[in-house]
file entry.cif (mmCIF, C-alpha atoms)
data_upload
#
loop_
_atom_site.group_PDB
_atom_site.id
_atom_site.type_symbol
_atom_site.label_atom_id
_atom_site.label_comp_id
_atom_site.auth_asym_id
_atom_site.auth_seq_id
_atom_site.Cartn_x
_atom_site.Cartn_y
_atom_site.Cartn_z
ATOM 1 C CA VAL Y 427 10.732 24.273 -17.678
ATOM 2 C CA ARG Y 428 8.636 22.507 -15.034
ATOM 3 C CA PRO Y 429 8.800 18.717 -15.424
ATOM 4 C CA SER Y 430 5.486 16.995 -16.084
ATOM 5 C CA LEU Y 431 3.987 14.754 -13.423
ATOM 6 C CA ALA Y 432 4.464 11.729 -15.687
ATOM 7 C CA ARG Y 433 8.166 12.491 -15.930
ATOM 8 C CA ILE Y 434 8.535 13.020 -12.179
ATOM 9 C CA LEU Y 435 6.833 9.715 -11.374
ATOM 10 C CA ALA Y 436 8.781 7.746 -13.995
ATOM 11 C CA ARG Y 437 12.072 9.246 -12.910
ATOM 12 C CA TYR Y 438 11.819 9.080 -9.140
ATOM 13 C CA PHE Y 439 9.501 6.127 -8.454
ATOM 14 C CA PRO Y 440 10.624 2.930 -10.215
ATOM 15 C CA VAL Y 441 7.446 1.219 -8.967
ATOM 16 C CA THR Y 442 5.399 3.326 -11.379
ATOM 17 C CA ARG Y 443 7.089 1.474 -14.255
ATOM 18 C CA HIS Y 444 6.776 -1.909 -12.551
ATOM 19 C CA LEU Y 445 3.079 -1.412 -11.794
ATOM 20 C CA GLY Y 446 2.386 0.180 -15.193
ATOM 21 C CA VAL Y 447 1.097 3.456 -13.724
ATOM 22 C CA ARG Y 448 0.046 6.137 -16.233
ATOM 23 C CA VAL Y 449 -0.997 9.733 -15.632
ATOM 24 C CA ARG Y 450 -4.504 10.325 -17.005
ATOM 25 C CA GLU Y 451 -5.134 13.756 -15.529
ATOM 26 C CA ALA Y 452 -2.860 16.075 -13.592
ATOM 27 C CA SER Y 453 -4.466 19.274 -12.405
ATOM 28 C CA LEU Y 454 -5.217 20.998 -9.109
ATOM 29 C CA ALA Y 455 -8.857 19.971 -9.620
ATOM 30 C CA ARG Y 456 -7.891 16.308 -9.620
ATOM 31 C CA VAL Y 457 -5.171 13.815 -10.309
ATOM 32 C CA VAL Y 458 -6.128 10.561 -12.019
ATOM 33 C CA LEU Y 459 -3.613 7.715 -12.284
ATOM 34 C CA ALA Y 460 -4.366 4.519 -14.201
ATOM 35 C CA ALA Y 461 -2.900 1.034 -13.744
ATOM 36 C CA PRO Y 462 -3.394 -2.189 -15.688
ATOM 37 C CA LEU Y 463 -4.677 -5.307 -13.950
ATOM 38 C CA ALA Y 464 -2.102 -7.794 -15.319
ATOM 39 C CA PRO Y 465 1.037 -6.807 -13.338
ATOM 40 C CA ASN Y 466 -1.094 -6.020 -10.285
ATOM 41 C CA ARG Y 467 -3.185 -9.141 -10.003
ATOM 42 C CA ASN Y 468 -3.529 -11.258 -6.881
ATOM 43 C CA ARG Y 469 -4.209 -14.942 -6.359
ATOM 44 C CA SER Y 470 -7.892 -14.445 -7.296
ATOM 45 C CA GLY Y 471 -6.997 -12.627 -10.525
ATOM 46 C CA THR Y 472 -8.341 -9.297 -9.217
ATOM 47 C CA ALA Y 473 -6.270 -6.263 -8.214
ATOM 48 C CA PHE Y 474 -3.820 -6.834 -5.357
ATOM 49 C CA ALA Y 475 -4.715 -4.697 -2.316
ATOM 50 C CA GLY Y 476 -1.110 -3.502 -2.024
ATOM 51 C CA SER Y 477 -1.088 -2.265 -5.622
ATOM 52 C CA LEU Y 478 -4.353 -0.363 -5.119
ATOM 53 C CA ASN Y 479 -2.824 1.233 -2.030
ATOM 54 C CA ALA Y 480 0.438 2.070 -3.825
ATOM 55 C CA VAL Y 481 -1.311 3.788 -6.747
ATOM 56 C CA ALA Y 482 -3.560 5.703 -4.302
ATOM 57 C CA THR Y 483 -0.455 6.772 -2.354
ATOM 58 C CA LEU Y 484 1.073 8.110 -5.582
ATOM 59 C CA ALA Y 485 -2.137 9.941 -6.547
ATOM 60 C CA GLY Y 486 -2.251 11.856 -3.251
ATOM 61 C CA TRP Y 487 1.486 12.548 -3.404
ATOM 62 C CA SER Y 488 1.037 13.822 -6.961
ATOM 63 C CA TRP Y 489 -1.781 16.208 -6.118
ATOM 64 C CA LEU Y 490 0.164 17.821 -3.279
ATOM 65 C CA THR Y 491 3.309 17.976 -5.420
ATOM 66 C CA LEU Y 492 1.355 19.822 -8.136
ATOM 67 C CA LEU Y 493 0.016 22.266 -5.541
ATOM 68 C CA LEU Y 494 3.547 23.001 -4.357
ATOM 69 C CA GLN Y 495 4.870 23.315 -7.934
ATOM 70 C CA GLU Y 496 2.260 26.044 -8.375
ATOM 71 C CA ALA Y 497 3.667 27.876 -5.352
ATOM 72 C CA GLU Y 498 7.202 27.308 -6.692
ATOM 73 C CA THR Y 499 8.535 26.435 -3.246
ATOM 74 C CA PRO Y 500 10.802 23.375 -3.417
ATOM 75 C CA ALA Y 501 9.415 21.002 -0.822
ATOM 76 C CA GLN Y 502 9.523 17.365 0.146
ATOM 77 C CA VAL Y 503 6.183 15.558 0.343
ATOM 78 C CA VAL Y 504 5.878 12.448 2.500
ATOM 79 C CA LEU Y 505 3.026 10.247 3.660
ATOM 80 C CA GLN Y 506 2.670 10.236 7.436
ATOM 81 C CA ASP Y 507 -0.115 7.694 7.806
ATOM 82 C CA SER Y 508 -2.972 6.267 5.783
ATOM 83 C CA SER Y 509 -5.974 4.009 5.952
ATOM 84 C CA ILE Y 510 -7.820 2.185 3.219
ATOM 85 C CA VAL Y 511 -11.091 0.282 2.996
ATOM 86 C CA TYR Y 512 -11.507 -2.283 0.220
ATOM 87 C CA SER Y 513 -15.194 -2.528 -0.695
ATOM 88 C CA SER Y 514 -15.199 -4.884 -3.698
ATOM 89 C CA PRO Y 515 -12.663 -6.680 -5.905
ATOM 90 C CA ALA Y 516 -11.294 -4.818 -8.938
ATOM 91 C CA THR Y 517 -11.718 -7.197 -11.874
ATOM 92 C CA THR Y 518 -10.367 -4.766 -14.514
ATOM 93 C CA ASP Y 519 -7.690 -2.118 -14.977
ATOM 94 C CA PHE Y 520 -8.191 0.544 -12.343
ATOM 95 C CA LEU Y 521 -7.941 4.266 -11.634
ATOM 96 C CA ALA Y 522 -6.876 6.209 -8.542
ATOM 97 C CA VAL Y 523 -8.694 9.537 -8.363
ATOM 98 C CA CYS Y 524 -7.495 12.201 -5.932
ATOM 99 C CA MET Y 525 -9.964 15.096 -5.816
ATOM 100 C CA ALA Y 526 -8.845 18.469 -4.482
ATOM 101 C CA PRO Y 527 -9.759 18.880 -0.804
ATOM 102 C CA SER Y 528 -12.039 21.768 0.221
ATOM 103 C CA VAL Y 529 -10.863 25.352 -0.197
ATOM 104 C CA ALA Y 530 -10.891 25.678 3.611
ATOM 105 C CA GLU Y 531 -8.565 22.659 3.930
ATOM 106 C CA GLN Y 532 -6.249 24.007 1.265
ATOM 107 C CA SER Y 533 -6.108 27.446 2.946
ATOM 108 C CA ARG Y 534 -5.321 25.915 6.323
ATOM 109 C CA PHE Y 535 -2.525 23.868 4.747
ATOM 110 C CA GLN Y 536 -1.098 26.847 2.822
ATOM 111 C CA ALA Y 537 -1.135 29.073 5.922
ATOM 112 C CA ALA Y 538 0.805 26.503 7.980
ATOM 113 C CA PHE Y 539 3.203 25.747 5.144
ATOM 114 C CA HIS Y 540 4.071 29.406 4.540
ATOM 115 C CA ARG Y 541 4.235 30.302 8.226
ATOM 116 C CA ARG Y 542 6.274 27.353 9.477
ATOM 117 C CA GLY Y 543 7.741 25.801 6.319
ATOM 118 C CA ARG Y 544 5.738 22.666 7.112
ATOM 119 C CA GLY Y 545 2.118 21.777 6.483
ATOM 120 C CA ARG Y 546 -0.080 18.695 6.754
ATOM 121 C CA ILE Y 547 -3.129 17.812 4.713
ATOM 122 C CA SER Y 548 -5.498 14.843 4.489
ATOM 123 C CA LEU Y 549 -6.246 13.630 0.974
ATOM 124 C CA ARG Y 550 -8.920 11.199 -0.104
ATOM 125 C CA VAL Y 551 -8.329 8.942 -3.086
ATOM 126 C CA VAL Y 552 -11.024 6.763 -4.634
ATOM 127 C CA LEU Y 553 -9.981 3.605 -6.479
ATOM 128 C CA GLU Y 554 -12.259 2.610 -9.340
ATOM 129 C CA SER Y 555 -12.483 -0.339 -11.681
ATOM 130 C CA LYS Y 556 -14.611 -0.267 -14.839
ATOM 131 C CA ASP Y 557 -17.524 -1.435 -12.656
ATOM 132 C CA GLY Y 558 -17.274 1.398 -10.117
ATOM 133 C CA PRO Y 559 -15.515 2.163 -6.824
ATOM 134 C CA VAL Y 560 -13.469 -0.628 -5.253
ATOM 135 C CA ALA Y 561 -11.662 1.100 -2.388
ATOM 136 C CA THR Y 562 -11.288 4.401 -0.556
ATOM 137 C CA PHE Y 563 -7.919 5.631 0.690
ATOM 138 C CA LEU Y 564 -7.297 8.438 3.147
ATOM 139 C CA GLY Y 565 -3.742 9.685 3.581
ATOM 140 C CA ARG Y 566 -2.160 12.394 5.734
ATOM 141 C CA TYR Y 567 0.663 13.992 3.801
ATOM 142 C CA VAL Y 568 3.311 16.333 5.154
ATOM 143 C CA ALA Y 569 5.076 18.911 2.999
ATOM 144 C CA GLN Y 570 8.311 20.383 4.269
ATOM 145 C CA VAL Y 571 10.370 23.157 2.692
ATOM 146 C CA GLN Y 572 13.685 21.765 1.521
ATOM 147 C CA ALA Y 573 16.740 23.134 3.298
ATOM 148 C CA VAL E 395 3.082 -31.639 -2.004
ATOM 149 C CA ARG E 396 2.199 -28.320 -0.424
ATOM 150 C CA PRO E 397 3.677 -25.411 -2.404
ATOM 151 C CA SER E 398 6.116 -23.212 -0.508
ATOM 152 C CA LEU E 399 5.149 -19.671 0.345
ATOM 153 C CA ALA E 400 7.890 -18.364 -1.968
ATOM 154 C CA ARG E 401 6.379 -20.299 -4.858
ATOM 155 C CA ILE E 402 2.839 -19.124 -4.079
ATOM 156 C CA LEU E 403 3.903 -15.475 -3.949
ATOM 157 C CA ALA E 404 6.001 -15.680 -7.126
ATOM 158 C CA ARG E 405 3.284 -17.480 -9.022
ATOM 159 C CA TYR E 406 0.199 -15.527 -8.022
ATOM 160 C CA PHE E 407 1.491 -12.032 -7.234
ATOM 161 C CA PRO E 408 3.583 -10.551 -10.076
ATOM 162 C CA VAL E 409 4.342 -7.542 -7.845
ATOM 163 C CA THR E 410 6.543 -9.736 -5.665
ATOM 164 C CA ARG E 411 8.923 -10.077 -8.618
ATOM 165 C CA HIS E 412 8.685 -6.394 -9.528
ATOM 166 C CA LEU E 413 9.350 -5.268 -5.954
ATOM 167 C CA GLY E 414 12.024 -7.918 -5.396
ATOM 168 C CA VAL E 415 10.231 -9.536 -2.439
ATOM 169 C CA ARG E 416 11.937 -12.570 -0.872
ATOM 170 C CA VAL E 417 10.673 -14.926 1.810
ATOM 171 C CA ARG E 418 13.059 -14.928 4.794
ATOM 172 C CA GLU E 419 10.924 -16.880 7.233
ATOM 173 C CA ALA E 420 7.611 -18.635 6.795
ATOM 174 C CA SER E 421 6.195 -20.215 9.926
ATOM 175 C CA LEU E 422 3.122 -19.894 12.102
ATOM 176 C CA ALA E 423 5.332 -18.105 14.639
ATOM 177 C CA ARG E 424 6.137 -15.376 12.127
ATOM 178 C CA VAL E 425 6.455 -14.512 8.477
ATOM 179 C CA VAL E 426 9.345 -12.297 7.408
ATOM 180 C CA LEU E 427 9.500 -10.882 3.884
ATOM 181 C CA ALA E 428 12.474 -8.874 2.626
ATOM 182 C CA ALA E 429 12.623 -6.259 -0.123
ATOM 183 C CA PRO E 430 15.528 -4.326 -1.645
ATOM 184 C CA LEU E 431 15.553 -0.537 -1.573
ATOM 185 C CA ALA E 432 16.495 0.062 -5.245
ATOM 186 C CA PRO E 433 13.228 -0.856 -7.024
ATOM 187 C CA ASN E 434 11.206 0.585 -4.154
ATOM 188 C CA ARG E 435 12.788 3.978 -3.735
ATOM 189 C CA ASN E 436 10.946 7.285 -3.710
ATOM 190 C CA ARG E 437 11.964 10.789 -4.708
ATOM 191 C CA SER E 438 14.070 11.130 -1.532
ATOM 192 C CA GLY E 439 15.895 7.847 -2.186
ATOM 193 C CA THR E 440 14.244 6.133 0.800
ATOM 194 C CA ALA E 441 11.569 3.405 0.650
ATOM 195 C CA PHE E 442 8.323 4.400 -1.077
ATOM 196 C CA ALA E 443 5.371 4.327 1.361
ATOM 197 C CA GLY E 444 3.298 2.318 -1.119
ATOM 198 C CA SER E 445 5.986 -0.370 -1.367
ATOM 199 C CA LEU E 446 6.248 -0.659 2.420
ATOM 200 C CA ASN E 447 2.466 -1.058 2.532
ATOM 201 C CA ALA E 448 2.437 -3.628 -0.280
ATOM 202 C CA VAL E 449 5.096 -5.817 1.367
ATOM 203 C CA ALA E 450 3.272 -5.560 4.716
ATOM 204 C CA THR E 451 0.019 -6.542 2.982
ATOM 205 C CA LEU E 452 1.745 -9.631 1.565
ATOM 206 C CA ALA E 453 3.261 -10.550 4.940
ATOM 207 C CA GLY E 454 -0.145 -10.579 6.655
ATOM 208 C CA TRP E 455 -1.715 -12.430 3.731
ATOM 209 C CA SER E 456 1.102 -14.981 3.907
ATOM 210 C CA TRP E 457 0.733 -15.652 7.611
ATOM 211 C CA LEU E 458 -3.001 -16.308 7.328
ATOM 212 C CA THR E 459 -2.467 -18.430 4.213
ATOM 213 C CA LEU E 460 0.046 -20.584 6.145
ATOM 214 C CA LEU E 461 -2.443 -20.968 9.001
ATOM 215 C CA LEU E 462 -5.108 -22.173 6.570
ATOM 216 C CA GLN E 463 -2.656 -24.513 4.774
ATOM 217 C CA GLU E 464 -2.122 -26.122 8.165
ATOM 218 C CA ALA E 465 -5.878 -26.693 8.486
ATOM 219 C CA GLU E 466 -5.948 -27.979 4.885
ATOM 220 C CA THR E 467 -9.158 -26.103 4.113
ATOM 221 C CA PRO E 468 -8.919 -24.368 0.722
ATOM 222 C CA ALA E 469 -9.829 -20.764 1.418
ATOM 223 C CA GLN E 470 -9.509 -17.357 -0.140
ATOM 224 C CA VAL E 471 -7.772 -14.694 1.945
ATOM 225 C CA VAL E 472 -8.499 -11.036 1.252
ATOM 226 C CA LEU E 473 -7.648 -7.770 2.949
ATOM 227 C CA GLN E 474 -10.749 -5.893 4.111
ATOM 228 C CA ASP E 475 -9.128 -2.733 5.414
ATOM 229 C CA SER E 476 -5.795 -1.558 6.739
ATOM 230 C CA SER E 477 -4.012 1.357 8.310
ATOM 231 C CA ILE E 478 -0.342 2.199 8.447
ATOM 232 C CA VAL E 479 1.776 4.721 10.323
ATOM 233 C CA TYR E 480 5.146 5.691 8.874
ATOM 234 C CA SER E 481 7.477 6.657 11.715
ATOM 235 C CA SER E 482 10.813 7.230 9.959
ATOM 236 C CA PRO E 483 12.268 6.882 6.462
ATOM 237 C CA ALA E 484 13.732 3.510 5.453
ATOM 238 C CA THR E 485 17.188 4.257 4.062
ATOM 239 C CA THR E 486 18.138 0.596 3.433
ATOM 240 C CA ASP E 487 16.603 -2.675 2.238
ATOM 241 C CA PHE E 488 13.683 -3.499 4.495
ATOM 242 C CA LEU E 489 11.772 -6.339 6.169
ATOM 243 C CA ALA E 490 8.068 -6.858 6.833
ATOM 244 C CA VAL E 491 7.573 -8.947 9.973
ATOM 245 C CA CYS E 492 4.140 -10.414 10.718
ATOM 246 C CA MET E 493 4.086 -11.938 14.192
ATOM 247 C CA ALA E 494 1.414 -14.492 15.085
ATOM 248 C CA PRO E 495 -1.506 -12.834 16.877
ATOM 249 C CA SER E 496 -2.393 -13.996 20.401
ATOM 250 C CA VAL E 497 -3.683 -17.532 20.955
ATOM 251 C CA ALA E 498 -7.043 -16.022 21.985
ATOM 252 C CA GLU E 499 -7.263 -14.139 18.684
ATOM 253 C CA GLN E 500 -6.344 -17.239 16.712
ATOM 254 C CA SER E 501 -8.952 -19.342 18.554
ATOM 255 C CA ARG E 502 -11.676 -16.773 17.948
ATOM 256 C CA PHE E 503 -10.769 -16.729 14.236
ATOM 257 C CA GLN E 504 -10.665 -20.530 13.957
ATOM 258 C CA ALA E 505 -14.021 -20.910 15.711
ATOM 259 C CA ALA E 506 -15.751 -18.476 13.323
ATOM 260 C CA PHE E 507 -14.003 -19.942 10.272
ATOM 261 C CA HIS E 508 -15.016 -23.511 11.082
ATOM 262 C CA ARG E 509 -18.539 -22.594 12.192
ATOM 263 C CA ARG E 510 -19.481 -20.243 9.369
ATOM 264 C CA GLY E 511 -16.857 -20.887 6.675
ATOM 265 C CA ARG E 512 -15.713 -17.313 7.117
ATOM 266 C CA GLY E 513 -13.434 -15.680 9.672
ATOM 267 C CA ARG E 514 -11.800 -12.318 10.203
ATOM 268 C CA ILE E 515 -8.542 -11.548 11.958
ATOM 269 C CA SER E 516 -6.441 -8.425 12.572
ATOM 270 C CA LEU E 517 -2.748 -8.806 11.866
ATOM 271 C CA ARG E 518 0.032 -6.431 12.793
ATOM 272 C CA VAL E 519 3.091 -6.139 10.571
ATOM 273 C CA VAL E 520 6.194 -4.173 11.537
ATOM 274 C CA LEU E 521 8.383 -2.761 8.764
ATOM 275 C CA GLU E 522 12.065 -2.516 9.622
ATOM 276 C CA SER E 523 15.113 -1.079 7.924
ATOM 277 C CA LYS E 524 18.662 -1.902 9.071
ATOM 278 C CA ASP E 525 18.314 1.007 11.523
ATOM 279 C CA GLY E 526 15.124 -0.231 13.185
ATOM 280 C CA PRO E 527 11.338 0.066 12.783
ATOM 281 C CA VAL E 528 10.084 2.438 10.080
ATOM 282 C CA ALA E 529 6.341 1.743 9.970
ATOM 283 C CA THR E 530 3.552 -0.263 11.593
ATOM 284 C CA PHE E 531 0.755 -1.790 9.542
ATOM 285 C CA LEU E 532 -2.517 -3.171 10.866
ATOM 286 C CA GLY E 533 -4.712 -5.154 8.495
ATOM 287 C CA ARG E 534 -8.061 -6.901 8.876
ATOM 288 C CA TYR E 535 -8.042 -10.036 6.745
ATOM 289 C CA VAL E 536 -11.017 -12.198 5.855
ATOM 290 C CA ALA E 537 -10.701 -15.895 5.047
ATOM 291 C CA GLN E 538 -13.563 -17.539 3.221
ATOM 292 C CA VAL E 539 -13.931 -21.234 2.379
ATOM 293 C CA GLN E 540 -13.802 -21.689 -1.378
ATOM 294 C CA ALA E 541 -16.980 -22.961 -2.987
#
call {"tool": "encode", "arguments": {"input": "entry.cif", "output": "structure tokens"}}
result
Amino acid sequence: VRPSLARILARYFPVTRHLGVRVREASLARVVLAAPLAPNRNRSGTAFAGSLNAVATLAGWSWLTLLLQEAETPAQVVLQDSSIVYSSPATTDFLAVCMAPSVAEQSRFQAAFHRRGRGRISLRVVLESKDGPVATFLGRYVAQVQA
Amino acid sequence: VRPSLARILARYFPVTRHLGVRVREASLARVVLAAPLAPNRNRSGTAFAGSLNAVATLAGWSWLTLLLQEAETPAQVVLQDSSIVYSSPATTDFLAVCMAPSVAEQSRFQAAFHRRGRGRISLRVVLESKDGPVATFLGRYVAQVQA
């Protein structure tokens, strides 16, 4: 039986419990993680930039992990680098939405991963409060076949 | 009495408790925050990228907050955007070290802040495990005089 994304996150990433992260959607079309404002608030009472980044990081990691589960190749997924732009404060609970990259991007990744046992892909994650987008995250993830 | 950085972080950022963040040094020369591996581990048992980013975000925020405490101008400090490069896994507890930017950078920031009530400054934070550097964070922070 393949473990659910919620179980994987809860088991392997203690921060998901500390930040109150929940899995709203987990598919190859998109991954949506939700987090409450209370444990993630900053001095202004809005969402802490580091929490927004952490939940975005998990959303991208989750999408690529689901893709690799599909292929049934045990692999390690790590974040190589990322950038994030914060456009407005999140005054409510928030979501991190990782949409599937283009089919061309996915094919390029899959080809490299199957040829060399290692592939890299850029994933975009949008952070949203109840009032709309608050930040955009771009992360380059590397998947490596486990020895 | 001016509240200590440790008290400010504990009071206003619940994540600092959840991630186990401690203040090691708090001066205008540098801010050093420490975090334990256990609550911040990822699926590989090394430090979660999002936790490294969150502690770096706090270190930069802290340095600029100390600078503004010195000037005794109540101001809000927010992160506008950031980027981070992860160079090797952190297999131990880790530190986030924010060094003071150059005197020229500080002067440029202070001039804008005092002239317009708003200033922006780029801060570099190095993340280190017991084995050396594991990531480099660059954040652009904005300080705004509070109304």
call {"tool": "residues_around", "arguments": {"input": "entry.cif", "residues": "Ala453 of chain E", "least_positions_apart": "5", "cutoff": "9 Å", "atoms": "only C-alpha atoms", "output": "list in words"}}
result
Val425, Val426, Leu427, Ala448, Leu458, Ala490, Val491, Cys492 and Val519 of chain E
call {"tool": "write_last_selection", "arguments": {"input": "entry.cif", "atoms": "C-alpha atoms", "output": "JSON list (two decimals), in the frame of the given file"}}
result
[["chain", "number", "residue", "atom", "x", "y", "z"],
["E", 425, "VAL", "CA", 6.46, -14.51, 8.48],
["E", 426, "VAL", "CA", 9.35, -12.30, 7.41],
["E", 427, "LEU", "CA", 9.50, -10.88, 3.88],
["E", 448, "ALA", "CA", 2.44, -3.63, -0.28],
["E", 458, "LEU", "CA", -3.00, -16.31, 7.33],
["E", 490, "ALA", "CA", 8.07, -6.86, 6.83],
["E", 491, "VAL", "CA", 7.57, -8.95, 9.97],
["E", 492, "CYS", "CA", 4.14, -10.41, 10.72],
["E", 519, "VAL", "CA", 3.09, -6.14, 10.57]]
call {"tool": "interface_residues", "arguments": {"input": "entry.cif", "of": "chain E", "to": "chain Y", "cutoff": "7 Å", "atoms": "all atoms listed in the file", "output": "ChimeraX atom specification"}}
result
/E:406-409,412,433-437,443-445,447-448,451,473-480
call {"tool": "atom_distance", "arguments": {"input": "entry.cif", "atom1": "atom CA of Val447 of chain Y", "atom2": "atom CA of Thr491 of chain Y"}}
result
16.9 Å
call {"tool": "residues_around", "arguments": {"input": "entry.cif", "residues": "segment 539-544 of chain Y", "least_positions_apart": "2", "cutoff": "7 Å", "atoms": "only C-alpha atoms", "output": "list in words"}}
result
Phe535, Gln536, Ala537, Ala569, Gln570 and Val571 of chain Y
call {"tool": "resolve_selection", "arguments": {"input": "entry.cif", "expression": "the PyMOL selection byres ((chain Y and resi 452) around 9)", "output": "ChimeraX atom specification"}}
result
/Y:430-432,449-451,453-459,488-489,492
call {"tool": "residues_near_point", "arguments": {"input": "entry.cif", "point": "(16.8, -5.1, 5.1)", "cutoff": "7 Å", "atoms": "all atoms listed in the file", "output": "PyMOL selection string"}}
result
chain E and resi 428-430+486-489+523-524
call {"tool": "atom_distance", "arguments": {"input": "entry.cif", "atom1": "atom CA of Arg518 of chain E", "atom2": "atom CA of Arg550 of chain Y"}}
result
23.6 Å
call {"tool": "atom_distance", "arguments": {"input": "entry.cif", "atom1": "atom CA of Ala469 of chain E", "atom2": "atom CA of Ser516 of chain E"}}
result
17.0 Å
call {"tool": "closest_residue", "arguments": {"input": "entry.cif", "among": "Y:Ala516, Y:Gly446, Y:Glu498, Y:Gln532", "to": "Gly558 of chain Y", "atoms": "only C-alpha atoms"}}
result
Y:Ala516
call {"tool": "decode", "arguments": {"input": "entry.cif", "residues": "segment 419-440 of chain E", "atoms": "N, CA and C atoms", "output": "tab-separated table (two decimals), in the first residue's frame"}}
result
chain	number	residue	atom	x	y	z
E	419	GLU	N	23.96	35.08	19.58
E	419	GLU	CA	24.59	36.39	19.62
E	419	GLU	C	23.61	37.39	19.05
E	420	ALA	N	23.59	38.57	19.64
E	420	ALA	CA	22.69	39.61	19.13
E	420	ALA	C	23.40	40.94	19.25
E	421	SER	N	24.11	41.32	18.20
E	421	SER	CA	24.80	42.61	18.20
E	421	SER	C	24.72	43.18	16.79
E	422	LEU	N	25.13	44.45	16.66
E	422	LEU	CA	25.12	45.05	15.33
E	422	LEU	C	26.27	44.51	14.48
E	423	ALA	N	27.22	43.82	15.11
E	423	ALA	CA	28.29	43.17	14.33
E	423	ALA	C	27.74	41.92	13.67
E	424	ARG	N	26.98	41.13	14.43
E	424	ARG	CA	26.32	39.96	13.84
E	424	ARG	C	25.27	39.39	14.76
E	425	VAL	N	24.29	38.76	14.13
E	425	VAL	CA	23.27	38.01	14.85
E	425	VAL	C	23.47	36.53	14.52
E	426	VAL	N	23.50	35.71	15.57
E	426	VAL	CA	23.62	34.27	15.37
E	426	VAL	C	22.46	33.58	16.07
E	427	LEU	N	21.65	32.87	15.29
E	427	LEU	CA	20.56	32.07	15.84
E	427	LEU	C	20.93	30.61	15.69
E	428	ALA	N	20.51	29.80	16.66
E	428	ALA	CA	20.81	28.36	16.63
E	428	ALA	C	19.51	27.58	16.63
E	429	ALA	N	19.50	26.44	15.94
E	429	ALA	CA	18.32	25.58	15.94
E	429	ALA	C	18.75	24.12	16.00
E	430	PRO	N	17.99	23.31	16.73
E	430	PRO	CA	18.32	21.88	16.84
E	430	PRO	C	17.84	21.13	15.59
E	431	LEU	N	18.51	20.03	15.30
E	431	LEU	CA	18.11	19.25	14.13
E	431	LEU	C	16.76	18.56	14.32
E	432	ALA	N	16.53	17.97	15.50
E	432	ALA	CA	15.37	17.07	15.69
E	432	ALA	C	14.03	17.63	15.18
E	433	PRO	N	13.59	18.80	15.63
E	433	PRO	CA	12.27	19.26	15.16
E	433	PRO	C	12.30	19.75	13.71
E	434	ASN	N	13.47	19.87	13.16
E	434	ASN	CA	13.64	20.46	11.83
E	434	ASN	C	14.11	19.45	10.78
E	435	ARG	N	13.99	18.18	11.10
E	435	ARG	CA	14.54	17.20	10.16
E	435	ARG	C	13.58	16.94	9.00
E	436	ASN	N	14.17	16.45	7.92
E	436	ASN	CA	13.40	16.09	6.72
E	436	ASN	C	13.38	14.58	6.56
E	437	ARG	N	12.93	14.12	5.41
E	437	ARG	CA	12.79	12.68	5.21
E	437	ARG	C	14.14	11.96	5.24
E	438	SER	N	15.23	12.69	4.91
E	438	SER	CA	16.56	12.08	4.93
E	438	SER	C	17.24	12.19	6.29
E	439	GLY	N	16.56	12.85	7.26
E	439	GLY	CA	17.15	12.99	8.59
E	439	GLY	C	18.11	14.16	8.68
E	440	THR	N	18.21	14.97	7.62
E	440	THR	CA	19.03	16.19	7.67
E	440	THR	C	18.08	17.38	7.83
